[in-house]
Amino acid sequence: MIRKLVSEFLGTMFLVLFGCGIAVGFTTYMNTLTTVTLPYTLLVIALGFGLSLTAIIYMFGNTSGAHVNPAVSIAMAIDGRMSVLECVEYVVVQILGGIVGAEIVGLLFGNYASLGANGYATLSNLPEITTAGVAFAVEAILTFAFVLVVLTASKEKNKNAGLGIGLSLALVHLFGIPFTGTSVNPARSIGPALLTTGDDGLVLSQLWVFIVAPIVGAVLASLLFRFVLNVSTKEKISTKVEEVKETIADVVDEVEKETKKVVKKVKKQTAKKAK
């Protein structure tokens, strides 16, 4: 278990370091060229997070599954792939890894005012549109889609699973960055939010959205996957039903045989008494 927890800690640290580091670094660079950075940085940041996760999955996937995301771990627990205790342990080290990753970003850039934190309203690139409700909806929907990909791709051993999951993370970032900066991962949001300075606590006050919404999305995705979309689960249920039917049929046959024997004995005894 120690190996798994170390892997989750390092994996989440790398995700925040590379993902948020690319967001901060490239945005800073683009600010030296133009004041309109979003069109230029959107694709780079999305690919930064997606490629980071792909690399992390190939680093630690065989050890811990490379969840590096509390929402994913919760979904895995609901789907029965890990115990509740394991899930709690994963979430704790993921949060710690996210904090350390954000700390490294701050140290490297020498600035804690911008760590790639998520936000809505005045912290959004679409401040007039992105209310708390819109931010919540965006994060829940994007997490729902992302977690479905993770659950499906990781169900069977697939060499391309890491690439597919990484590209899916890039996809949801492309949609979500203008709204919230895209979280879909509470650990990725907690680290930067805790360490960001100079904003009068605004980032921290909005953090709840980026914890609750991804968890809601992940729970809904895992329930849909487990009880509706998971073919193997349906097959298992069908197999159990067939086994029960066969058992019932066997019992009925035995009862019929025993009944026939009893009837024969009764007939014989009745015939003897009649004589």
# chains A, B, ... in the order shown; residues from 1 in each chain; ligands from 1
$ residues_around --residues "Thr182 (chain A)" --least-positions-apart "2" --cutoff "9 Å" --atoms "only C-alpha atoms" --output "PDB file with N, CA and C atoms, in the first residue's frame"
ATOM      1  N   ASN A 118      -8.259  27.859  -9.748  1.00  0.00           N
ATOM      2  CA  ASN A 118      -9.550  27.928 -10.430  1.00  0.00           C
ATOM      3  C   ASN A 118     -10.419  29.011  -9.797  1.00  0.00           C
ATOM      4  N   GLY A 119     -11.381  29.521 -10.586  1.00  0.00           N
ATOM      5  CA  GLY A 119     -12.271  30.538 -10.041  1.00  0.00           C
ATOM      6  C   GLY A 119     -13.415  30.851 -10.977  1.00  0.00           C
ATOM      7  N   VAL A 138     -20.655  23.521 -14.959  1.00  0.00           N
ATOM      8  CA  VAL A 138     -19.558  23.208 -15.882  1.00  0.00           C
ATOM      9  C   VAL A 138     -18.635  22.157 -15.285  1.00  0.00           C
ATOM     10  N   GLU A 139     -18.250  22.341 -14.032  1.00  0.00           N
ATOM     11  CA  GLU A 139     -17.332  21.400 -13.392  1.00  0.00           C
ATOM     12  C   GLU A 139     -17.955  20.022 -13.200  1.00  0.00           C
ATOM     13  N   LEU A 142     -18.260  18.357 -16.779  1.00  0.00           N
ATOM     14  CA  LEU A 142     -16.955  17.965 -17.328  1.00  0.00           C
ATOM     15  C   LEU A 142     -16.354  16.795 -16.548  1.00  0.00           C
ATOM     16  N   VAL A 172     -11.697  18.265 -21.969  1.00  0.00           N
ATOM     17  CA  VAL A 172     -12.531  18.989 -21.008  1.00  0.00           C
ATOM     18  C   VAL A 172     -11.896  20.329 -20.634  1.00  0.00           C
ATOM     19  N   HIS A 173     -10.571  20.402 -20.694  1.00  0.00           N
ATOM     20  CA  HIS A 173      -9.902  21.687 -20.443  1.00  0.00           C
ATOM     21  C   HIS A 173     -10.201  22.688 -21.547  1.00  0.00           C
ATOM     22  N   LEU A 174     -10.229  22.226 -22.777  1.00  0.00           N
ATOM     23  CA  LEU A 174     -10.546  23.126 -23.885  1.00  0.00           C
ATOM     24  C   LEU A 174     -11.901  23.792 -23.691  1.00  0.00           C
ATOM     25  N   PHE A 175     -12.852  23.034 -23.168  1.00  0.00           N
ATOM     26  CA  PHE A 175     -14.182  23.582 -22.927  1.00  0.00           C
ATOM     27  C   PHE A 175     -14.212  24.435 -21.666  1.00  0.00           C
ATOM     28  N   GLY A 176     -13.568  23.972 -20.612  1.00  0.00           N
ATOM     29  CA  GLY A 176     -13.742  24.587 -19.301  1.00  0.00           C
ATOM     30  C   GLY A 176     -12.847  25.760 -18.963  1.00  0.00           C
ATOM     31  N   ILE A 177     -11.697  25.880 -19.618  1.00  0.00           N
ATOM     32  CA  ILE A 177     -10.756  26.953 -19.269  1.00  0.00           C
ATOM     33  C   ILE A 177     -11.380  28.341 -19.326  1.00  0.00           C
ATOM     34  N   PRO A 178     -12.133  28.693 -20.362  1.00  0.00           N
ATOM     35  CA  PRO A 178     -12.728  30.038 -20.375  1.00  0.00           C
ATOM     36  C   PRO A 178     -13.678  30.299 -19.208  1.00  0.00           C
ATOM     37  N   PHE A 179     -14.318  29.255 -18.703  1.00  0.00           N
ATOM     38  CA  PHE A 179     -15.276  29.414 -17.608  1.00  0.00           C
ATOM     39  C   PHE A 179     -14.580  29.455 -16.248  1.00  0.00           C
ATOM     40  N   THR A 180     -13.854  28.398 -15.920  1.00  0.00           N
ATOM     41  CA  THR A 180     -13.323  28.245 -14.556  1.00  0.00           C
ATOM     42  C   THR A 180     -11.813  27.986 -14.502  1.00  0.00           C
ATOM     43  N   VAL A 184     -12.022  19.744 -12.477  1.00  0.00           N
ATOM     44  CA  VAL A 184     -12.415  18.329 -12.534  1.00  0.00           C
ATOM     45  C   VAL A 184     -11.557  17.473 -11.601  1.00  0.00           C
ATOM     46  N   ASN A 185     -10.914  18.113 -10.627  1.00  0.00           N
ATOM     47  CA  ASN A 185      -9.974  17.431  -9.743  1.00  0.00           C
ATOM     48  C   ASN A 185      -9.791  18.274  -8.482  1.00  0.00           C
ATOM     49  N   PHE A 210     -15.056  23.802  -6.549  1.00  0.00           N
ATOM     50  CA  PHE A 210     -14.124  22.912  -7.227  1.00  0.00           C
ATOM     51  C   PHE A 210     -13.791  21.653  -6.409  1.00  0.00           C
TER      52      PHE A 210
END
$ residues_around --residues "Leu123 (chain A)" --least-positions-apart "4" --cutoff "12 Å" --atoms "only C-alpha atoms" --output "PyMOL selection string"
chain A and resi 114+116-119+127-132+135+177-181+199+201-207
$ select_by_dssp --residues "region 32-271 of chain A" --states "alpha helix (DSSP H)" --output "number ranges by chain"
A: 38-64, 70-78, 84-109, 132-153, 161-180, 186-195, 202-205, 207-224, 231-271
$ atom_distance --atom1 "CA of Phe225 (chain A)" --atom2 "CA of Ala75 (chain A)"
9.5 Å
$ residues_around --residues "Ile45 (chain A)" --least-positions-apart "4" --cutoff "7 Å" --atoms "only C-alpha atoms" --output "list in words"
Gly19, Ile22, Ala23, Thr41 and Phe49 of chain A
$ write_last_selection --atoms "all heavy atoms" --output "mmCIF file, in the first residue's frame"
data_model
loop_
_atom_site.group_PDB
_atom_site.id
_atom_site.type_symbol
_atom_site.label_atom_id
_atom_site.label_comp_id
_atom_site.auth_asym_id
_atom_site.auth_seq_id
_atom_site.Cartn_x
_atom_site.Cartn_y
_atom_site.Cartn_z
ATOM 1 N N GLY A 19 0.956 20.851 -15.060
ATOM 2 C CA GLY A 19 -0.258 21.483 -15.575
ATOM 3 C C GLY A 19 -0.353 22.948 -15.200
ATOM 4 O O GLY A 19 -0.451 23.828 -16.075
ATOM 5 N N ILE A 22 2.686 25.013 -16.524
ATOM 6 C CA ILE A 22 2.551 25.417 -17.924
ATOM 7 C C ILE A 22 1.572 26.581 -18.046
ATOM 8 O O ILE A 22 1.807 27.540 -18.793
ATOM 9 C CB ILE A 22 2.081 24.216 -18.780
ATOM 10 C CG1 ILE A 22 3.216 23.200 -18.911
ATOM 11 C CG2 ILE A 22 1.628 24.678 -20.168
ATOM 12 C CD1 ILE A 22 2.805 21.880 -19.533
ATOM 13 N N ALA A 23 0.462 26.506 -17.304
ATOM 14 C CA ALA A 23 -0.537 27.585 -17.350
ATOM 15 C C ALA A 23 0.066 28.912 -16.905
ATOM 16 O O ALA A 23 -0.100 29.940 -17.565
ATOM 17 C CB ALA A 23 -1.725 27.220 -16.461
ATOM 18 N N THR A 41 -3.199 30.721 -25.351
ATOM 19 C CA THR A 41 -2.800 29.798 -24.275
ATOM 20 C C THR A 41 -3.771 28.641 -24.067
ATOM 21 O O THR A 41 -3.411 27.647 -23.438
ATOM 22 C CB THR A 41 -2.683 30.558 -22.942
ATOM 23 O OG1 THR A 41 -3.941 31.165 -22.640
ATOM 24 C CG2 THR A 41 -1.610 31.628 -23.023
ATOM 25 N N PHE A 49 -2.056 19.854 -19.452
ATOM 26 C CA PHE A 49 -2.691 18.969 -18.469
ATOM 27 C C PHE A 49 -2.892 17.566 -19.038
ATOM 28 O O PHE A 49 -2.655 16.565 -18.356
ATOM 29 C CB PHE A 49 -4.037 19.551 -18.018
ATOM 30 C CG PHE A 49 -3.921 20.535 -16.901
ATOM 31 C CD1 PHE A 49 -3.925 21.899 -17.152
ATOM 32 C CD2 PHE A 49 -3.800 20.105 -15.589
ATOM 33 C CE1 PHE A 49 -3.815 22.820 -16.117
ATOM 34 C CE2 PHE A 49 -3.692 21.005 -14.534
ATOM 35 C CZ PHE A 49 -3.699 22.379 -14.805
#
$ closest_atom_pairs --of "region 93-169 of chain A" --to "region 7-12 of chain A" --cutoff "8 Å" --atoms "only C-alpha atoms" --output "Markdown table"
| residue | atom | partner | partner_atom | distance |
| --- | --- | --- | --- | --- |
| A:Val93 | CA | A:Phe9 | CA | 5.1 |
| A:Gln94 | CA | A:Phe9 | CA | 5.2 |
| A:Ile95 | CA | A:Thr12 | CA | 7.8 |
| A:Leu96 | CA | A:Phe9 | CA | 6.8 |
| A:Gly97 | CA | A:Phe9 | CA | 4.5 |
| A:Gly98 | CA | A:Thr12 | CA | 5.5 |
| A:Gly101 | CA | A:Thr12 | CA | 7.5 |
$ residues_around --residues "region 50-62 of chain A" --least-positions-apart "2" --cutoff "7 Å" --atoms "only C-alpha atoms" --output "mmCIF file with N, CA, C and O atoms, in the first residue's frame"
data_model
loop_
_atom_site.group_PDB
_atom_site.id
_atom_site.type_symbol
_atom_site.label_atom_id
_atom_site.label_comp_id
_atom_site.auth_asym_id
_atom_site.auth_seq_id
_atom_site.Cartn_x
_atom_site.Cartn_y
_atom_site.Cartn_z
ATOM 1 N N SER A 7 3.049 6.665 -5.013
ATOM 2 C CA SER A 7 2.777 6.902 -6.431
ATOM 3 C C SER A 7 1.687 7.959 -6.618
ATOM 4 O O SER A 7 1.807 8.845 -7.479
ATOM 5 N N GLY A 11 2.365 11.433 -8.337
ATOM 6 C CA GLY A 11 1.588 11.664 -9.549
ATOM 7 C C GLY A 11 0.787 12.956 -9.479
ATOM 8 O O GLY A 11 0.772 13.747 -10.438
ATOM 9 N N LEU A 15 1.210 16.387 -11.662
ATOM 10 C CA LEU A 15 0.094 16.931 -12.425
ATOM 11 C C LEU A 15 -0.058 18.429 -12.169
ATOM 12 O O LEU A 15 -0.218 19.219 -13.106
ATOM 13 N N PHE A 18 3.304 20.342 -13.510
ATOM 14 C CA PHE A 18 3.371 20.518 -14.960
ATOM 15 C C PHE A 18 2.150 21.266 -15.502
ATOM 16 O O PHE A 18 2.287 22.185 -16.313
ATOM 17 N N GLY A 19 0.956 20.851 -15.060
ATOM 18 C CA GLY A 19 -0.258 21.483 -15.575
ATOM 19 C C GLY A 19 -0.353 22.948 -15.200
ATOM 20 O O GLY A 19 -0.451 23.828 -16.075
ATOM 21 N N ALA A 46 -4.433 23.242 -22.166
ATOM 22 C CA ALA A 46 -5.210 22.004 -22.250
ATOM 23 C C ALA A 46 -4.299 20.818 -22.552
ATOM 24 O O ALA A 46 -4.392 19.766 -21.908
ATOM 25 N N LEU A 47 -3.415 20.983 -23.516
ATOM 26 C CA LEU A 47 -2.482 19.906 -23.848
ATOM 27 C C LEU A 47 -1.493 19.666 -22.712
ATOM 28 O O LEU A 47 -1.069 18.530 -22.478
ATOM 29 N N GLY A 48 -1.143 20.736 -21.999
ATOM 30 C CA GLY A 48 -0.227 20.592 -20.866
ATOM 31 C C GLY A 48 -0.785 19.654 -19.810
ATOM 32 O O GLY A 48 -0.109 18.731 -19.339
ATOM 33 N N SER A 64 -0.352 2.188 -8.826
ATOM 34 C CA SER A 64 -1.509 2.657 -8.053
ATOM 35 C C SER A 64 -2.770 2.857 -8.888
ATOM 36 O O SER A 64 -3.833 3.141 -8.344
ATOM 37 N N GLY A 65 -2.645 2.718 -10.206
ATOM 38 C CA GLY A 65 -3.763 3.036 -11.086
ATOM 39 C C GLY A 65 -3.711 4.468 -11.570
ATOM 40 O O GLY A 65 -4.455 4.863 -12.458
ATOM 41 N N ALA A 66 -2.822 5.277 -10.958
ATOM 42 C CA ALA A 66 -2.640 6.681 -11.344
ATOM 43 C C ALA A 66 -3.961 7.439 -11.372
ATOM 44 O O ALA A 66 -4.311 8.071 -12.362
ATOM 45 N N GLY A 162 -3.901 5.156 -21.294
ATOM 46 C CA GLY A 162 -3.273 6.386 -20.816
ATOM 47 C C GLY A 162 -3.436 7.525 -21.797
ATOM 48 O O GLY A 162 -3.735 8.666 -21.407
ATOM 49 N N LEU A 163 -3.256 7.230 -23.059
ATOM 50 C CA LEU A 163 -3.398 8.263 -24.091
ATOM 51 C C LEU A 163 -4.836 8.743 -24.182
ATOM 52 O O LEU A 163 -5.107 9.947 -24.271
ATOM 53 N N ILE A 165 -7.203 8.646 -21.866
ATOM 54 C CA ILE A 165 -7.574 9.408 -20.671
ATOM 55 C C ILE A 165 -6.936 10.789 -20.699
ATOM 56 O O ILE A 165 -7.565 11.794 -20.368
ATOM 57 N N GLY A 166 -5.662 10.845 -21.114
ATOM 58 C CA GLY A 166 -4.973 12.130 -21.195
ATOM 59 C C GLY A 166 -5.624 13.074 -22.193
ATOM 60 O O GLY A 166 -5.815 14.265 -21.922
ATOM 61 N N LEU A 167 -5.985 12.552 -23.352
ATOM 62 C CA LEU A 167 -6.647 13.379 -24.366
ATOM 63 C C LEU A 167 -8.021 13.834 -23.890
ATOM 64 O O LEU A 167 -8.475 14.938 -24.221
ATOM 65 N N LEU A 169 -8.783 14.498 -20.797
ATOM 66 C CA LEU A 169 -8.543 15.611 -19.877
ATOM 67 C C LEU A 169 -8.259 16.893 -20.666
ATOM 68 O O LEU A 169 -8.729 17.973 -20.293
ATOM 69 N N ALA A 170 -7.500 16.771 -21.749
ATOM 70 C CA ALA A 170 -7.241 17.933 -22.605
ATOM 71 C C ALA A 170 -8.548 18.468 -23.189
ATOM 72 O O ALA A 170 -8.761 19.685 -23.258
#
$ atom_distance --atom1 "CA of Ala218 (chain A)" --atom2 "CA of Lys155 (chain A)"
15.8 Å
$ residues_around --residues "Val150 (chain A)" --least-positions-apart "6" --cutoff "9 Å" --atoms "only C-alpha atoms" --output "list in words"
His67, Val72, Ala161, Gly164, Ile165 and Ser168 of chain A
$ closest_residue --among "A:Ala193, A:Val147, A:Ala113, A:Leu108" --to "Leu224 (chain A)" --atoms "only C-alpha atoms"
A:Val147
$ atom_distance --atom1 "CA of Val92 (chain A)" --atom2 "CA of Ile74 (chain A)"
12.0 Å
